[in-house]
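Colleague: Supplied in structure tokens, the structure appears directly below.
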Amino acid sequence: MGAIRTPRDKWIEEGLRLLAAGGPEAVRVEVLAQALGVSKGGFYGYFRNRAALLEEMLDAWEGGVTEGVIERIERDGGDARERLGRLFDFVGSGGEPVTGAGVELAIRDWARRDEAVARRLRRADNRRMDYLRELYGAFCPDEDDVEARCLITFSLRIGDHLIAADNGPRSRAEVLAAVRTRLLC
């Protein structure tokens with residue numbers, strides 16, 4: 001019986017973990033193979049080179065944070081407020097390796113130095129904002145209100161992980177719950 005190959009998605013997932021930990025420079029074939037406990041020869045059965053892996057990592061991230069999240073939220077139906085509630089819960093849970101905050105921040109940092117990554121980030125951000133507009137627009141008749149709620153919601157997704165300030169007598173979870181309540185009214 002032959003050796004079992006490490007699945008392609010495991011290489012991509014581990015690549016995203018390395019990206020979150022140290023940026024694109026940290027994503028190295030030897031390091032990936034070691035982290036997965038396999039030889040680097042298996043890598044070349046799936047990927048032409050490191051650049052091909054990085055491209056597939058970006059594909060996985062972009063699809064995961066846009067259509068993947070949207071499909072997950074839409075699956076259980078409900079009105080726009082219910083779907084927004086599920087979206088807040090999912091994002092607040094830390095998501096999955098592809099949609100986690102560490103990968104999100106690493107992609108944003110990478111986009112500052114790579115225009116191709118910046119274009120993908122812009123496309124993903126626009127798709128996510130369009131989805132938020134659709135949800136908030138279902139119960140907010142004022143376009144300015146919709147846009148403000150979308151920007152606040154999306155800013156919380158990105159910025160909450162960067163804020164080190166205390167929240168006075170409240171926990172961060174309490175403050176985020178209060179924000180959620182106000183955004184959904």
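Order determines the names: the first chain of the structure tokens is A, the second B, and so forth; residues in each chain are numbered 1 upward, and ligands are numbered 1 upward as they are shown.
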Taking 6 positions as the minimum chain separation for residues in the same chain, which residues sit within 12 Å of A:Asp125 when counting only C-alpha atoms? Answer as a ChimeraX atom specification.
Modeller: /A:61-63,65-67,104,107-108,118-119,131-132,150-151,154-155,157-158
Colleague: Next, the residues of the selection above should be written as a PDB file, in the first residue's frame with N, CA, C and O atoms.
Modeller:
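Saved to selection.pdb:
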ATOM      1  N   TRP A  61      -8.697  32.256   0.539  1.00  0.00           N
ATOM      2  CA  TRP A  61      -9.082  33.347   1.433  1.00  0.00           C
ATOM      3  C   TRP A  61     -10.234  34.147   0.837  1.00  0.00           C
ATOM      4  O   TRP A  61     -11.258  34.358   1.494  1.00  0.00           O
ATOM      5  N   GLU A  62     -10.076  34.582  -0.411  1.00  0.00           N
ATOM      6  CA  GLU A  62     -11.101  35.428  -1.027  1.00  0.00           C
ATOM      7  C   GLU A  62     -12.446  34.706  -1.095  1.00  0.00           C
ATOM      8  O   GLU A  62     -13.477  35.264  -0.724  1.00  0.00           O
ATOM      9  N   GLY A  63     -12.438  33.467  -1.542  1.00  0.00           N
ATOM     10  CA  GLY A  63     -13.683  32.711  -1.600  1.00  0.00           C
ATOM     11  C   GLY A  63     -14.256  32.447  -0.227  1.00  0.00           C
ATOM     12  O   GLY A  63     -15.472  32.499  -0.023  1.00  0.00           O
ATOM     13  N   VAL A  65     -13.909  34.300   2.598  1.00  0.00           N
ATOM     14  CA  VAL A  65     -14.440  35.478   3.301  1.00  0.00           C
ATOM     15  C   VAL A  65     -15.589  36.140   2.557  1.00  0.00           C
ATOM     16  O   VAL A  65     -16.257  37.007   3.122  1.00  0.00           O
ATOM     17  N   THR A  66     -15.823  35.734   1.325  1.00  0.00           N
ATOM     18  CA  THR A  66     -16.945  36.314   0.584  1.00  0.00           C
ATOM     19  C   THR A  66     -18.038  35.256   0.431  1.00  0.00           C
ATOM     20  O   THR A  66     -18.866  35.095   1.315  1.00  0.00           O
ATOM     21  N   GLU A  67     -18.019  34.533  -0.647  1.00  0.00           N
ATOM     22  CA  GLU A  67     -19.100  33.590  -0.944  1.00  0.00           C
ATOM     23  C   GLU A  67     -19.213  32.500   0.110  1.00  0.00           C
ATOM     24  O   GLU A  67     -20.329  32.076   0.442  1.00  0.00           O
ATOM     25  N   GLU A 104      -6.794  37.612   7.961  1.00  0.00           N
ATOM     26  CA  GLU A 104      -7.353  38.895   7.481  1.00  0.00           C
ATOM     27  C   GLU A 104      -6.314  40.012   7.602  1.00  0.00           C
ATOM     28  O   GLU A 104      -6.075  40.773   6.662  1.00  0.00           O
ATOM     29  N   ILE A 107      -3.279  39.496   5.225  1.00  0.00           N
ATOM     30  CA  ILE A 107      -3.606  39.842   3.824  1.00  0.00           C
ATOM     31  C   ILE A 107      -3.585  41.359   3.660  1.00  0.00           C
ATOM     32  O   ILE A 107      -3.055  41.889   2.687  1.00  0.00           O
ATOM     33  N   ARG A 108      -4.155  42.066   4.606  1.00  0.00           N
ATOM     34  CA  ARG A 108      -4.180  43.536   4.532  1.00  0.00           C
ATOM     35  C   ARG A 108      -2.772  44.108   4.559  1.00  0.00           C
ATOM     36  O   ARG A 108      -2.471  45.040   3.817  1.00  0.00           O
ATOM     37  N   ALA A 118      -3.557  43.747  -3.335  1.00  0.00           N
ATOM     38  CA  ALA A 118      -4.433  44.883  -3.023  1.00  0.00           C
ATOM     39  C   ALA A 118      -5.698  44.851  -3.882  1.00  0.00           C
ATOM     40  O   ALA A 118      -6.800  45.135  -3.385  1.00  0.00           O
ATOM     41  N   ARG A 119      -5.578  44.469  -5.146  1.00  0.00           N
ATOM     42  CA  ARG A 119      -6.767  44.376  -6.015  1.00  0.00           C
ATOM     43  C   ARG A 119      -7.717  43.287  -5.513  1.00  0.00           C
ATOM     44  O   ARG A 119      -8.927  43.471  -5.486  1.00  0.00           O
ATOM     45  N   TYR A 131     -22.822  42.826   0.396  1.00  0.00           N
ATOM     46  CA  TYR A 131     -23.681  41.927   1.162  1.00  0.00           C
ATOM     47  C   TYR A 131     -24.262  42.649   2.373  1.00  0.00           C
ATOM     48  O   TYR A 131     -25.453  42.533   2.668  1.00  0.00           O
ATOM     49  N   LEU A 132     -23.440  43.400   3.074  1.00  0.00           N
ATOM     50  CA  LEU A 132     -23.946  44.172   4.215  1.00  0.00           C
ATOM     51  C   LEU A 132     -25.004  45.178   3.774  1.00  0.00           C
ATOM     52  O   LEU A 132     -26.026  45.342   4.441  1.00  0.00           O
ATOM     53  N   CYS A 150     -23.007  49.804   7.554  1.00  0.00           N
ATOM     54  CA  CYS A 150     -22.078  48.910   6.853  1.00  0.00           C
ATOM     55  C   CYS A 150     -20.631  49.229   7.230  1.00  0.00           C
ATOM     56  O   CYS A 150     -19.845  48.323   7.529  1.00  0.00           O
ATOM     57  N   LEU A 151     -20.301  50.498   7.210  1.00  0.00           N
ATOM     58  CA  LEU A 151     -18.929  50.894   7.530  1.00  0.00           C
ATOM     59  C   LEU A 151     -18.583  50.561   8.980  1.00  0.00           C
ATOM     60  O   LEU A 151     -17.493  50.047   9.271  1.00  0.00           O
ATOM     61  N   PHE A 154     -18.230  46.663   9.238  1.00  0.00           N
ATOM     62  CA  PHE A 154     -17.009  46.176   8.599  1.00  0.00           C
ATOM     63  C   PHE A 154     -15.775  46.661   9.359  1.00  0.00           C
ATOM     64  O   PHE A 154     -14.807  45.915   9.521  1.00  0.00           O
ATOM     65  N   SER A 155     -15.801  47.882   9.844  1.00  0.00           N
ATOM     66  CA  SER A 155     -14.681  48.410  10.628  1.00  0.00           C
ATOM     67  C   SER A 155     -14.481  47.607  11.901  1.00  0.00           C
ATOM     68  O   SER A 155     -13.336  47.380  12.330  1.00  0.00           O
ATOM     69  N   ARG A 157     -15.120  44.453  12.223  1.00  0.00           N
ATOM     70  CA  ARG A 157     -14.518  43.181  11.801  1.00  0.00           C
ATOM     71  C   ARG A 157     -13.003  43.313  11.704  1.00  0.00           C
ATOM     72  O   ARG A 157     -12.263  42.455  12.154  1.00  0.00           O
ATOM     73  N   ILE A 158     -12.541  44.393  11.130  1.00  0.00           N
ATOM     74  CA  ILE A 158     -11.111  44.575  10.913  1.00  0.00           C
ATOM     75  C   ILE A 158     -10.436  45.163  12.150  1.00  0.00           C
ATOM     76  O   ILE A 158      -9.419  44.673  12.607  1.00  0.00           O
TER      77      ILE A 158
END
Colleague: Can you list, as a ChimeraX atom specification, every protein, DNA or RNA residue that comes within 12 Å of A:Gly102 when you count only C-alpha atoms, leaving out same-chain residues fewer than 2 positions away?
Modeller: /A:16-23,61,94-100,104-109,157-162
Colleague: What are the DSSP alpha helix (DSSP H) residues of chain A, as an NGL selection string?
Modeller: :A and (8-22 or 29-36 or 50-63 or 69-74 or 80-92 or 101-111 or 115-137 or 143-159 or 172-183)
Colleague: Given only C-alpha atoms as the basis, pick out the residue of A:Trp110, A:Gly92, A:Arg86, A:Arg81 nearest to A:Arg182.
Modeller: A:Arg81
Colleague: Would you kindly return, as an MDAnalysis selection string, each protein, DNA or RNA residue with an atom no farther than 12 Å from any atom of A:Glu143, considering only C-alpha atoms and excluding same-chain residues fewer than 6 positions away?
Modeller: chainID A and resid 133:134 136:137 149:150
Colleague: Fewer than 6 positions away in the same chain doesn't count, so skip those; otherwise give me all residues within 9 Å of stretch 165-180 of chain A, counting only C-alpha atoms, as a list in words.
Modeller: Gly85, Phe88, Thr153 and Leu156 of chain A
Colleague: Determine the nearest neighbour of A:Phe47 from the options A:Gly77, A:Asp59, A:Arg8, A:Val69, counting only C-alpha atoms.
Modeller: A:Arg8
Colleague: Which value, in Å to one decimal, gives the distance between atom CA of A:Arg123 and atom CA of A:Cys185?
Modeller: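 Going from atom CA of A:Arg123 over to atom CA of A:Cys185, I get 28.8 Å.
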Colleague: Counting only C-alpha atoms, figure out which residue out of A:Gly45, A:Gly68, A:Gly78, A:Gly37 gets nearest to A:Phe90.
Modeller: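 Among the listed residues, A:Gly68 lies closest to A:Phe90.
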